[in-house]
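Participant: So here's run10.cif (mmCIF, C-alpha atoms (C1' of nucleotides) and all ligand atoms).
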data_protein
loop_
_atom_site.label_atom_id
_atom_site.label_comp_id
_atom_site.auth_asym_id
_atom_site.auth_seq_id
_atom_site.Cartn_x
_atom_site.Cartn_y
_atom_site.Cartn_z
CA MET A 1 28.55 1.92 11.77
CA LYS A 2 25.57 0.14 10.27
CA ARG A 3 24.59 -3.26 11.56
CA SER A 4 23.62 -5.47 8.67
CA ALA A 5 20.57 -7.68 8.50
CA ARG A 6 23.04 -10.54 8.29
CA HIS A 7 24.54 -9.56 11.63
CA ILE A 8 21.16 -9.10 13.28
CA PHE A 9 20.03 -12.46 12.02
CA ASP A 10 23.18 -14.24 13.22
CA GLN A 11 22.80 -12.71 16.62
CA TYR A 12 19.15 -13.74 16.82
CA LEU A 13 20.01 -17.33 15.91
CA GLN A 14 22.83 -17.34 18.41
CA GLU A 15 20.75 -16.01 21.27
CA ASN A 16 17.96 -18.46 20.63
CA GLY A 17 19.95 -21.61 20.05
CA ILE A 18 18.80 -21.82 16.46
CA ARG A 19 21.25 -23.45 14.10
CA ARG A 20 22.67 -21.87 10.99
CA SER A 21 21.50 -24.63 8.71
CA LYS A 22 22.08 -24.63 5.00
CA PRO A 23 18.42 -24.59 3.86
CA ARG A 24 17.61 -21.76 6.28
CA GLU A 25 20.55 -19.78 4.96
CA GLN A 26 19.36 -20.35 1.43
CA VAL A 27 15.93 -18.91 2.11
CA PHE A 28 17.53 -16.01 3.94
CA ASP A 29 19.84 -15.41 0.98
CA ILE A 30 17.01 -15.28 -1.53
CA PHE A 31 14.77 -13.16 0.65
CA ILE A 32 17.44 -10.63 1.51
CA ASN A 33 18.35 -10.20 -2.15
CA THR A 34 14.80 -9.73 -3.39
CA GLU A 35 13.40 -6.30 -2.70
CA THR A 36 9.74 -6.97 -3.38
CA HIS A 37 6.67 -8.15 -1.52
CA LEU A 38 6.91 -11.90 -1.73
CA THR A 39 4.36 -14.63 -1.30
CA VAL A 40 5.52 -17.95 0.16
CA LEU A 41 5.04 -19.68 -3.18
CA LYS A 42 7.11 -17.09 -5.01
CA LEU A 43 9.80 -17.31 -2.38
CA TYR A 44 9.77 -21.08 -2.68
CA GLU A 45 10.12 -20.92 -6.45
CA LEU A 46 12.96 -18.43 -6.32
CA THR A 47 14.80 -20.44 -3.71
CA LYS A 48 14.18 -23.71 -5.51
CA ALA A 49 15.56 -22.23 -8.73
CA ARG A 50 18.94 -21.69 -7.14
CA TYR A 51 18.85 -24.39 -4.46
CA PRO A 52 16.82 -27.28 -5.91
CA ASN A 53 16.71 -29.31 -2.71
CA ILE A 54 14.72 -26.80 -0.70
CA GLY A 55 11.39 -27.96 0.69
CA TYR A 56 8.19 -25.93 0.83
CA ALA A 57 7.75 -26.37 4.57
CA THR A 58 11.25 -25.10 5.17
CA VAL A 59 10.38 -21.80 3.51
CA TYR A 60 7.49 -21.34 5.92
CA ARG A 61 9.71 -22.26 8.86
CA ALA A 62 12.57 -20.03 7.80
CA MET A 63 10.36 -17.01 7.16
CA LYS A 64 8.80 -17.35 10.57
CA ILE A 65 12.23 -17.13 12.16
CA ILE A 66 13.31 -14.30 9.86
CA CYS A 67 10.23 -12.39 10.96
CA ASP A 68 10.84 -13.13 14.61
CA ALA A 69 14.35 -11.79 14.18
CA GLY A 70 12.90 -8.51 12.95
CA ILE A 71 14.30 -8.83 9.43
CA ALA A 72 11.02 -9.47 7.63
CA ASP A 73 7.43 -8.51 8.18
CA GLU A 74 4.38 -10.56 7.35
CA ILE A 75 1.60 -8.74 5.53
CA ASN A 76 -1.99 -9.81 5.06
CA PHE A 77 -3.60 -8.19 2.05
CA GLY A 78 -6.77 -10.21 2.45
CA ASP A 79 -6.07 -12.27 -0.65
CA GLY A 80 -5.60 -15.51 1.22
CA PHE A 81 -1.82 -15.54 1.04
CA LYS A 82 0.93 -14.49 3.39
CA HIS A 83 3.21 -11.86 1.97
CA TYR A 84 6.62 -10.88 3.26
CA GLU A 85 8.52 -7.64 2.97
CA HIS A 86 11.79 -6.34 4.32
CA LYS A 87 11.51 -4.75 7.73
CA TYR A 88 15.02 -4.22 9.02
CA GLY A 89 16.40 -0.98 7.61
CA HIS A 90 13.04 0.05 6.22
CA GLU A 91 10.69 2.68 7.61
CA HIS A 92 7.13 1.83 8.48
CA HIS A 93 4.77 2.55 5.61
CA ASP A 94 1.27 1.86 4.39
CA HIS A 95 0.14 0.31 1.11
CA MET A 96 -1.91 1.45 -1.84
CA ILE A 97 -2.95 -1.48 -4.01
CA CYS A 98 -4.29 -1.22 -7.56
CA THR A 99 -7.07 -3.76 -7.89
CA GLU A 100 -6.56 -3.87 -11.68
CA CYS A 101 -2.84 -4.46 -12.17
CA LYS A 102 -2.07 -5.39 -8.55
CA GLU A 103 0.66 -2.75 -8.39
CA LEU A 104 1.73 -1.96 -4.87
CA ILE A 105 2.62 1.57 -3.89
CA GLU A 106 4.30 2.18 -0.58
CA VAL A 107 3.14 5.39 1.05
CA LEU A 108 3.74 7.26 4.26
CA ASN A 109 1.99 10.29 5.66
CA PRO A 110 3.35 11.35 9.06
CA GLU A 111 0.20 13.31 9.77
CA ILE A 112 -1.97 10.24 9.34
CA GLU A 113 0.31 8.37 11.70
CA GLU A 114 0.05 11.15 14.27
CA MET A 115 -3.72 11.34 14.04
CA GLN A 116 -3.97 7.65 14.71
CA GLN A 117 -2.04 8.21 17.91
CA ALA A 118 -4.34 11.07 18.85
CA LEU A 119 -7.36 8.95 18.04
CA ALA A 120 -6.06 6.12 20.22
CA GLN A 121 -5.31 8.44 23.13
CA ALA A 122 -8.89 9.66 23.11
CA TYR A 123 -9.90 6.08 23.90
CA ASP A 124 -7.07 5.40 26.35
CA PHE A 125 -5.84 2.85 23.83
CA THR A 126 -2.16 2.01 23.35
CA ILE A 127 -1.24 1.16 19.78
CA THR A 128 1.14 -1.71 19.12
CA ASN A 129 0.74 -1.73 15.34
CA HIS A 130 -1.67 -0.83 12.63
CA ARG A 131 -2.55 -1.64 9.08
CA LEU A 132 -3.68 0.86 6.49
CA GLN A 133 -4.40 -0.50 3.04
CA ILE A 134 -5.89 1.69 0.34
CA PHE A 135 -7.48 -0.08 -2.61
CA GLY A 136 -8.34 1.52 -5.93
CA VAL A 137 -7.14 2.11 -9.47
CA CYS A 138 -3.72 3.47 -10.33
CA GLY A 139 -3.03 6.18 -12.92
CA LYS A 140 -1.82 3.76 -15.57
CA CYS A 141 -4.89 1.56 -15.36
CA LYS A 142 -7.22 4.55 -15.47
CA LYS A 143 -5.68 5.68 -18.78
CA GLU A 144 -5.82 2.22 -20.30
CA GLN A 145 -9.51 1.96 -19.52
CA GLY A 146 -10.43 5.37 -21.00
CA MET B 1 -39.10 8.54 4.39
CA LYS B 2 -36.43 6.01 5.24
CA ARG B 3 -35.95 2.99 3.04
CA SER B 4 -35.45 -0.04 5.20
CA ALA B 5 -32.81 -2.69 4.74
CA ARG B 6 -35.70 -5.04 4.22
CA HIS B 7 -36.92 -3.03 1.28
CA ILE B 8 -33.45 -2.71 -0.23
CA PHE B 9 -32.94 -6.43 0.10
CA ASP B 10 -36.29 -7.29 -1.47
CA GLN B 11 -35.55 -5.02 -4.38
CA TYR B 12 -32.12 -6.57 -4.87
CA LEU B 13 -33.58 -10.07 -4.91
CA GLN B 14 -36.29 -8.98 -7.32
CA GLU B 15 -33.91 -7.32 -9.75
CA ASN B 16 -31.57 -10.29 -9.78
CA GLY B 17 -34.07 -13.11 -10.02
CA ILE B 18 -33.09 -14.45 -6.62
CA ARG B 19 -35.85 -16.22 -4.77
CA ARG B 20 -37.11 -15.25 -1.35
CA SER B 21 -36.49 -18.63 0.16
CA LYS B 22 -37.18 -19.47 3.76
CA PRO B 23 -33.62 -20.32 4.84
CA ARG B 24 -32.30 -17.14 3.23
CA GLU B 25 -34.89 -15.10 5.03
CA GLN B 26 -33.95 -16.75 8.30
CA VAL B 27 -30.31 -15.77 7.98
CA PHE B 28 -31.33 -12.27 6.97
CA ASP B 29 -33.61 -12.05 10.00
CA ILE B 30 -30.89 -13.05 12.44
CA PHE B 31 -28.25 -10.85 10.86
CA ILE B 32 -30.44 -7.78 10.72
CA ASN B 33 -31.38 -8.15 14.38
CA THR B 34 -27.85 -8.62 15.66
CA GLU B 35 -25.88 -5.42 15.87
CA THR B 36 -22.40 -6.84 16.31
CA HIS B 37 -19.50 -8.01 14.19
CA LEU B 38 -20.38 -11.59 13.42
CA THR B 39 -18.31 -14.51 12.28
CA VAL B 40 -19.94 -17.11 10.04
CA LEU B 41 -19.88 -19.69 12.81
CA LYS B 42 -21.55 -17.32 15.27
CA LEU B 43 -24.14 -16.42 12.69
CA TYR B 44 -24.75 -20.09 12.00
CA GLU B 45 -25.19 -20.84 15.70
CA LEU B 46 -27.59 -17.95 16.22
CA THR B 47 -29.64 -18.91 13.20
CA LYS B 48 -29.63 -22.58 14.10
CA ALA B 49 -30.87 -21.74 17.60
CA ARG B 50 -34.06 -20.26 16.22
CA TYR B 51 -34.33 -22.17 12.95
CA PRO B 52 -32.83 -25.63 13.59
CA ASN B 53 -32.95 -26.76 9.97
CA ILE B 54 -30.49 -24.21 8.67
CA GLY B 55 -27.35 -25.51 6.98
CA TYR B 56 -23.87 -24.09 7.34
CA ALA B 57 -23.37 -23.62 3.61
CA THR B 58 -26.59 -21.67 3.40
CA VAL B 59 -25.25 -19.10 5.85
CA TYR B 60 -22.24 -18.55 3.60
CA ARG B 61 -24.45 -18.29 0.55
CA ALA B 62 -26.95 -15.96 2.18
CA MET B 63 -24.29 -13.62 3.55
CA LYS B 64 -22.70 -13.33 0.14
CA ILE B 65 -25.99 -12.13 -1.30
CA ILE B 66 -26.68 -9.84 1.65
CA CYS B 67 -23.29 -8.26 1.06
CA ASP B 68 -23.89 -7.93 -2.66
CA ALA B 69 -27.16 -6.18 -1.86
CA GLY B 70 -25.23 -3.61 0.17
CA ILE B 71 -26.78 -4.57 3.49
CA ALA B 72 -23.70 -6.18 5.03
CA ASP B 73 -19.98 -5.73 4.72
CA GLU B 74 -17.35 -8.43 4.95
CA ILE B 75 -14.37 -7.62 7.16
CA ASN B 76 -11.04 -9.36 7.29
CA PHE B 77 -9.26 -8.85 10.60
CA GLY B 78 -6.46 -11.22 9.65
CA ASP B 79 -7.59 -13.85 12.13
CA GLY B 80 -8.53 -16.40 9.51
CA PHE B 81 -12.27 -15.81 9.73
CA LYS B 82 -14.72 -13.75 7.76
CA HIS B 83 -16.59 -11.23 9.83
CA TYR B 84 -19.74 -9.38 8.86
CA GLU B 85 -21.09 -6.06 9.98
CA HIS B 86 -24.05 -3.91 9.05
CA LYS B 87 -23.40 -1.59 6.16
CA TYR B 88 -26.75 -0.16 5.12
CA GLY B 89 -27.62 2.78 7.34
CA HIS B 90 -24.18 2.84 8.92
CA GLU B 91 -21.39 5.33 8.27
CA HIS B 92 -17.98 4.16 7.14
CA HIS B 93 -15.62 3.71 10.06
CA ASP B 94 -12.32 2.14 11.00
CA HIS B 95 -11.54 -0.37 13.73
CA MET B 96 -9.40 -0.41 16.83
CA ILE B 97 -8.90 -3.93 18.15
CA CYS B 98 -7.64 -4.84 21.61
CA THR B 99 -5.33 -7.81 21.22
CA GLU B 100 -5.94 -8.81 24.84
CA CYS B 101 -9.71 -8.87 25.25
CA LYS B 102 -10.55 -8.68 21.53
CA GLU B 103 -12.79 -5.67 22.11
CA LEU B 104 -13.64 -3.83 18.94
CA ILE B 105 -13.90 -0.06 18.94
CA GLU B 106 -15.37 1.66 15.93
CA VAL B 107 -13.65 4.95 15.18
CA LEU B 108 -13.85 7.65 12.58
CA ASN B 109 -11.57 10.60 11.99
CA PRO B 110 -12.65 12.75 9.03
CA GLU B 111 -9.19 14.25 8.78
CA ILE B 112 -7.58 10.85 8.33
CA GLU B 113 -10.12 10.08 5.63
CA GLU B 114 -9.32 13.36 3.87
CA MET B 115 -5.57 12.85 4.07
CA GLN B 116 -5.94 9.48 2.44
CA GLN B 117 -7.66 11.16 -0.46
CA ALA B 118 -4.91 13.75 -0.68
CA LEU B 119 -2.31 11.01 -0.51
CA ALA B 120 -4.00 9.12 -3.32
CA GLN B 121 -4.29 12.19 -5.49
CA ALA B 122 -0.56 12.75 -5.27
CA TYR B 123 -0.14 9.39 -6.98
CA ASP B 124 -3.00 9.84 -9.45
CA PHE B 125 -4.69 6.97 -7.66
CA THR B 126 -8.48 6.68 -7.32
CA ILE B 127 -9.61 5.08 -4.07
CA THR B 128 -12.45 2.59 -4.14
CA ASN B 129 -12.15 1.52 -0.52
CA HIS B 130 -9.69 1.26 2.29
CA ARG B 131 -9.04 -0.59 5.48
CA LEU B 132 -7.56 0.90 8.61
CA GLN B 133 -7.15 -1.40 11.57
CA ILE B 134 -5.38 -0.28 14.72
CA PHE B 135 -4.18 -3.01 17.06
CA GLY B 136 -3.13 -2.51 20.65
CA VAL B 137 -4.30 -2.67 24.25
CA CYS B 138 -7.47 -1.01 25.52
CA GLY B 139 -7.74 1.01 28.73
CA LYS B 140 -9.41 -1.76 30.69
CA CYS B 141 -6.76 -4.32 29.85
CA LYS B 142 -3.96 -1.91 30.70
CA LYS B 143 -5.36 -1.45 34.20
CA GLU B 144 -5.85 -5.14 34.76
CA GLN B 145 -2.24 -5.81 33.89
CA GLY B 146 -0.85 -3.11 36.14
"C1'" DT C 1 35.01 -37.94 16.62
"C1'" DT C 2 31.04 -38.06 18.84
"C1'" DG C 3 26.66 -37.57 20.78
"C1'" DA C 4 22.75 -34.78 21.92
"C1'" DT C 5 19.58 -32.13 19.67
"C1'" DA C 6 17.83 -29.25 16.11
"C1'" DC C 7 16.58 -29.48 11.36
"C1'" DT C 8 15.08 -31.33 6.93
"C1'" DG C 9 11.87 -32.76 3.01
"C1'" DA C 10 8.01 -35.37 2.17
"C1'" DT C 11 3.69 -36.18 3.47
"C1'" DA C 12 -0.41 -36.13 6.14
"C1'" DA C 13 -3.43 -33.27 8.87
"C1'" DT C 14 -6.00 -29.07 9.73
"C1'" DC C 15 -9.60 -26.02 9.05
"C1'" DA C 16 -12.22 -22.17 6.94
"C1'" DT C 17 -14.49 -21.83 2.85
"C1'" DT C 18 -16.38 -23.59 -1.62
"C1'" DT C 19 -18.34 -26.92 -4.59
"C1'" DT C 20 -21.14 -30.81 -5.75
"C1'" DC C 21 -25.34 -33.12 -6.01
"C1'" DA C 22 -29.83 -35.24 -5.53
"C1'" DG C 23 -33.99 -33.93 -3.67
"C1'" DA C 24 -37.13 -29.88 -2.19
"C1'" DA C 25 -39.19 -25.41 -2.63
"C1'" DA C 26 -40.38 -21.10 -5.17
"C1'" DG C 27 -43.13 -18.96 -8.21
"C1'" DA C 28 -44.97 -18.10 -12.96
"C1'" DA C 29 -48.43 -19.76 -15.92
"C1'" DG C 30 -52.56 -21.90 -16.88
"C1'" DC D 1 -54.99 -25.79 -7.34
"C1'" DT D 2 -51.75 -28.27 -10.58
"C1'" DT D 3 -47.83 -28.24 -13.48
"C1'" DC D 4 -43.40 -27.13 -14.89
"C1'" DT D 5 -39.07 -24.84 -14.89
"C1'" DT D 6 -35.51 -23.07 -12.29
"C1'" DT D 7 -33.46 -21.94 -8.10
"C1'" DC D 8 -32.33 -23.42 -3.66
"C1'" DT D 9 -31.25 -26.50 0.14
"C1'" DG D 10 -28.51 -29.44 3.51
"C1'" DA D 11 -25.14 -32.89 3.73
"C1'" DA D 12 -21.09 -34.27 2.38
"C1'" DA D 13 -16.95 -34.04 -0.36
"C1'" DA D 14 -13.45 -31.00 -2.28
"C1'" DT D 15 -10.25 -27.22 -2.08
"C1'" DG D 16 -6.18 -24.88 -0.84
"C1'" DA D 17 -3.10 -22.37 2.19
"C1'" DT D 18 -0.82 -23.37 6.26
"C1'" DT D 19 0.81 -26.46 10.04
"C1'" DA D 20 2.12 -30.71 12.27
"C1'" DT D 21 4.26 -35.25 12.07
"C1'" DC D 22 8.05 -38.21 11.46
"C1'" DA D 23 12.09 -40.84 10.28
"C1'" DG D 24 16.42 -39.79 8.63
"C1'" DT D 25 20.22 -35.99 8.44
"C1'" DA D 26 23.04 -32.08 9.66
"C1'" DT D 27 24.86 -29.01 13.15
"C1'" DC D 28 28.00 -27.94 16.65
"C1'" DA D 29 29.79 -27.94 21.38
"C1'" DA D 30 32.65 -30.79 23.87
MN MN E 201 5.68 -2.55 1.75
MN MN E 202 -17.47 -1.98 12.45
ZN ZN E 203 -3.04 -0.48 -11.90
ZN ZN E 204 -8.86 -5.04 26.00
#
Could you write out this structure as structure tokens?
Ligand SMILES: [Mn+2]
Ligand SMILES: [Mn+2]
Ligand SMILES: [Zn+2]
Ligand SMILES: [Zn+2]
Facilitator:
Amino acid sequence: MKRSARHIFDQYLQENGIRRSKPREQVFDIFINTETHLTVLKLYELTKARYPNIGYATVYRAMKIICDAGIADEINFGDGFKHYEHKYGHEHHDHMICTECKELIEVLNPEIEEMQQALAQAYDFTITNHRLQIFGVCGKCKKEQG
Amino acid sequence: MKRSARHIFDQYLQENGIRRSKPREQVFDIFINTETHLTVLKLYELTKARYPNIGYATVYRAMKIICDAGIADEINFGDGFKHYEHKYGHEHHDHMICTECKELIEVLNPEIEEMQQALAQAYDFTITNHRLQIFGVCGKCKKEQG
DNA sequence: TTGATACTGATAATCATTTTCAGAAAGAAG
DNA sequence: CTTCTTTCTGAAAATGATTATCAGTATCAA
């Protein structure tokens, strides 16, 4: 049977003596029910909309724990903001970002992944993680611009 | 015959009405003679060592222009600092970064580059640039750790 | 119920980068 | 060489995302 993110999270809190506080649960609730790439500000706004007492710092703190638990992943797109996406139950993937409309396309090419491994081996390098971000213009934006 | 970075830079300044000021030339001099990936602070220190009057803000300003001229490239390794590397006269390449000793290995795999193009085409996406950073542990560090 | 301890929201601090600004330098014209 | 306009400079202040601080509050095992 499938272990839910909820279960994984509970177990992580348990094992690390982290309390199941209300504000933390609220951030978790909003994050887990929003399937997009979220910035801290956006996450704060969404949480605040439903749970008006939430504090900005708490969102940062909660997301750090949610990442540590393996539920979320922090992404750096080089725009000066932290972004979060779902990790648990999601395959690794890379990102294609349209610099016009900011659309984000998740892509995965197993061959590219393999070649990175081969490349690393040639240097006796052991990969722990990688980041591939492709920037450009999406089909829609190309049409709109002629 | 080969057009030097110096020539390219002069032409860029000329065409954009940017003056050939002394401090700007000093930063250019240090950058062009340092073949490593430089942070702004490091660049400032190196420049200051030879030209004590240089200001920190001037290094930022000069590097922006040097990048615009196509001589340097700004890299974001996600460590909170801007890094600069030589662009003019250097082939595109990706980076492998050892998270232990911070060593930087420049790599290039033409097949990976091609597959990115193929991947983009499948989405009707036109690539303007990309960033591939591979993090892990280098051979040296693996030995030292047993 | 209680007591130790983790957690909270508000706020201040941090720190790389950017902006501001008054004085200095570049460079075109004469 | 002088003059004049405009760009440039260094120092210092501002910015803005993230982190740390702190006094009061909530959690939860006992
Ligand atoms: Mn994603
Ligand atoms: Mn490089
Ligand atoms: Zn687009
Ligand atoms: Zn290493």
Participant: Could the residues of chain A within 10 Å of chain D, counting only C-alpha atoms (C1' of nucleotides), be given as a PDB file with C-alpha atoms, in the coordinates of the input, please?
Facilitator:
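Output below, filename part-v3.pdb:
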ATOM      1  CA  ILE A  18      18.800 -21.820  16.460  1.00  0.00           C
ATOM      2  CA  ARG A  19      21.250 -23.450  14.100  1.00  0.00           C
ATOM      3  CA  ARG A  20      22.670 -21.870  10.990  1.00  0.00           C
ATOM      4  CA  SER A  21      21.500 -24.630   8.710  1.00  0.00           C
ATOM      5  CA  LYS A  22      22.080 -24.630   5.000  1.00  0.00           C
ATOM      6  CA  VAL A  40       5.520 -17.950   0.160  1.00  0.00           C
ATOM      7  CA  ALA A  57       7.750 -26.370   4.570  1.00  0.00           C
ATOM      8  CA  TYR A  60       7.490 -21.340   5.920  1.00  0.00           C
ATOM      9  CA  ARG A  61       9.710 -22.260   8.860  1.00  0.00           C
ATOM     10  CA  GLY A  80      -5.600 -15.510   1.220  1.00  0.00           C
ATOM     11  CA  PHE A  81      -1.820 -15.540   1.040  1.00  0.00           C
ATOM     12  CA  LYS A  82       0.930 -14.490   3.390  1.00  0.00           C
TER      13      LYS A  82
END
Participant: Could you produce a table of the residues of chain B lying within 12 Å of ligand ZN 203 (chain E), with the nearest pair of atoms per residue and their separation in Å rounded to one decimal, using all atoms listed in the file, ordered by chain and increasing residue number, as CSV?
Facilitator:
residue,atom,partner,partner_atom,distance
B:Tyr123,CA,E:ZN203,ZN,11.4
B:Asp124,CA,E:ZN203,ZN,10.6
B:Phe125,CA,E:ZN203,ZN,8.7
B:Thr126,CA,E:ZN203,ZN,10.1
B:Ile127,CA,E:ZN203,ZN,11.6
Participant: For each of C:DA22, C:DA16, C:DG9, C:DA28, take the minimum atom-to-atom distance to chain A, counting only C-alpha atoms (C1' of nucleotides), then give the residue where this is smallest.
Facilitator: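 So, comparing all the options, the nearest one is C:DG9.
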Participant: Could you tell me, counting all atoms listed in the file, which protein and nucleic acid residues lie no more than 8 Å from ligand MN 201 (chain E), written as a CSV table (one decimal) with C-alpha atoms, in the frame of the given file?
Facilitator:
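Resulting contents of pocket17.csv:
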chain,number,residue,atom,x,y,z
A,36,THR,CA,9.7,-7.0,-3.4
A,37,HIS,CA,6.7,-8.2,-1.5
A,85,GLU,CA,8.5,-7.6,3.0
A,86,HIS,CA,11.8,-6.3,4.3
A,93,HIS,CA,4.8,2.6,5.6
A,94,ASP,CA,1.3,1.9,4.4
A,95,HIS,CA,0.1,0.3,1.1
A,104,LEU,CA,1.7,-2.0,-4.9
A,105,ILE,CA,2.6,1.6,-3.9
A,106,GLU,CA,4.3,2.2,-0.6
Participant: At a cut-off of 9 Å, which residues of chain A touch chain B? Count all atoms listed in the file and give the answer as number ranges by chain.
Facilitator: A: 76-78, 80, 96, 98, 105, 107-109, 111-113, 115-116, 119-120, 123-140, 142
Participant: Which residue is closest to ligand ZN 204 (chain E)? Choose from B:Gly70, B:Gly146, B:Glu100, B:Lys64 and count all atoms listed in the file.
Facilitator: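 Closest to ligand ZN 204 (chain E), using all atoms listed in the file: B:Glu100.
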Participant: Could you jot down the CA of Phe31 (chain B) to CA of Asn53 (chain B) separation for me, Å, one decimal place?
Facilitator: 16.6 Å
Participant: Distance cut-off 10 Å, counting all atoms listed in the file - which residues of chain C neighbour chain B? Return them as number ranges by chain.
Facilitator: C: 15-18, 25-27
Participant: Can you work out the spacing between CA of Cys101 (chain A) and CA of Tyr84 (chain A) in Å, to one decimal?
Facilitator: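 Going from CA of Cys101 (chain A) over to CA of Tyr84 (chain A) covers 19.2 Å.
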Participant: For CA of Glu103 (chain A) and CA of Leu38 (chain A), quote the distance in Å rounded to one decimal.
Facilitator: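 Between CA of Glu103 (chain A) and CA of Leu38 (chain A) the gap works out to 12.9 Å.
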Participant: If you count all atoms listed in the file, which residues fall within 12 Å of Glu45 (chain B), apart from same-chain ones fewer than 5 positions away, as a list in words?
Facilitator: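 Once the adjacent positions are removed, what remains is Val27, Ile30, Phe31, Leu38, Thr39, Val40, Arg50, Tyr51, Pro52, Asn53, Ile54, Gly55, Tyr56 and Val59 of chain B.
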Participant: I'd like to know which of B:Glu15, B:Asp29, B:Glu144, B:Glu91 is closest to ligand MN 202 (chain E), using all atoms listed in the file.
Facilitator: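 Ranking B:Glu15, B:Asp29, B:Glu144, B:Glu91 by distance to ligand MN 202 (chain E), first place goes to B:Glu91.
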Participant: Would you save region 65-77 of chain B to a file, keeping N, CA, C and O atoms, as a PDB file, in the first residue's frame?
Facilitator:
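Printed below is selection15.pdb as written:
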ATOM      1  N   ILE B  65      29.022  45.740 -17.362  1.00  0.00           N
ATOM      2  CA  ILE B  65      29.336  46.182 -18.716  1.00  0.00           C
ATOM      3  C   ILE B  65      30.165  45.127 -19.452  1.00  0.00           C
ATOM      4  O   ILE B  65      29.922  44.829 -20.618  1.00  0.00           O
ATOM      5  N   ILE B  66      31.124  44.542 -18.742  1.00  0.00           N
ATOM      6  CA  ILE B  66      31.981  43.527 -19.355  1.00  0.00           C
ATOM      7  C   ILE B  66      31.153  42.315 -19.783  1.00  0.00           C
ATOM      8  O   ILE B  66      31.427  41.683 -20.804  1.00  0.00           O
ATOM      9  N   CYS B  67      30.112  42.033 -19.011  1.00  0.00           N
ATOM     10  CA  CYS B  67      29.200  40.951 -19.405  1.00  0.00           C
ATOM     11  C   CYS B  67      28.386  41.374 -20.626  1.00  0.00           C
ATOM     12  O   CYS B  67      28.241  40.611 -21.587  1.00  0.00           O
ATOM     13  N   ASP B  68      27.857  42.564 -20.580  1.00  0.00           N
ATOM     14  CA  ASP B  68      27.049  43.055 -21.699  1.00  0.00           C
ATOM     15  C   ASP B  68      27.848  43.052 -22.996  1.00  0.00           C
ATOM     16  O   ASP B  68      27.303  42.843 -24.083  1.00  0.00           O
ATOM     17  N   ALA B  69      29.148  43.282 -22.863  1.00  0.00           N
ATOM     18  CA  ALA B  69      30.008  43.320 -24.047  1.00  0.00           C
ATOM     19  C   ALA B  69      30.318  41.914 -24.557  1.00  0.00           C
ATOM     20  O   ALA B  69      30.922  41.748 -25.612  1.00  0.00           O
ATOM     21  N   GLY B  70      29.915  40.904 -23.788  1.00  0.00           N
ATOM     22  CA  GLY B  70      30.146  39.531 -24.225  1.00  0.00           C
ATOM     23  C   GLY B  70      31.502  38.973 -23.835  1.00  0.00           C
ATOM     24  O   GLY B  70      31.902  37.900 -24.287  1.00  0.00           O
ATOM     25  N   ILE B  71      32.206  39.678 -22.979  1.00  0.00           N
ATOM     26  CA  ILE B  71      33.534  39.230 -22.558  1.00  0.00           C
ATOM     27  C   ILE B  71      33.426  38.272 -21.375  1.00  0.00           C
ATOM     28  O   ILE B  71      34.158  37.300 -21.282  1.00  0.00           O
ATOM     29  N   ALA B  72      32.518  38.568 -20.456  1.00  0.00           N
ATOM     30  CA  ALA B  72      32.348  37.738 -19.270  1.00  0.00           C
ATOM     31  C   ALA B  72      30.940  37.164 -19.218  1.00  0.00           C
ATOM     32  O   ALA B  72      30.039  37.624 -19.926  1.00  0.00           O
ATOM     33  N   ASP B  73      30.780  36.161 -18.386  1.00  0.00           N
ATOM     34  CA  ASP B  73      29.485  35.544 -18.183  1.00  0.00           C
ATOM     35  C   ASP B  73      29.235  35.452 -16.690  1.00  0.00           C
ATOM     36  O   ASP B  73      30.141  35.135 -15.925  1.00  0.00           O
ATOM     37  N   GLU B  74      28.025  35.758 -16.291  1.00  0.00           N
ATOM     38  CA  GLU B  74      27.668  35.696 -14.881  1.00  0.00           C
ATOM     39  C   GLU B  74      27.109  34.306 -14.593  1.00  0.00           C
ATOM     40  O   GLU B  74      26.254  33.826 -15.330  1.00  0.00           O
ATOM     41  N   ILE B  75      27.602  33.687 -13.538  1.00  0.00           N
ATOM     42  CA  ILE B  75      27.105  32.354 -13.177  1.00  0.00           C
ATOM     43  C   ILE B  75      26.497  32.384 -11.792  1.00  0.00           C
ATOM     44  O   ILE B  75      26.991  33.057 -10.905  1.00  0.00           O
ATOM     45  N   ASN B  76      25.415  31.657 -11.641  1.00  0.00           N
ATOM     46  CA  ASN B  76      24.744  31.549 -10.353  1.00  0.00           C
ATOM     47  C   ASN B  76      24.834  30.097  -9.915  1.00  0.00           C
ATOM     48  O   ASN B  76      24.190  29.230 -10.482  1.00  0.00           O
ATOM     49  N   PHE B  77      25.652  29.851  -8.893  1.00  0.00           N
ATOM     50  CA  PHE B  77      25.802  28.481  -8.405  1.00  0.00           C
ATOM     51  C   PHE B  77      24.865  28.205  -7.238  1.00  0.00           C
ATOM     52  O   PHE B  77      24.948  27.167  -6.598  1.00  0.00           O
TER      53      PHE B  77
END
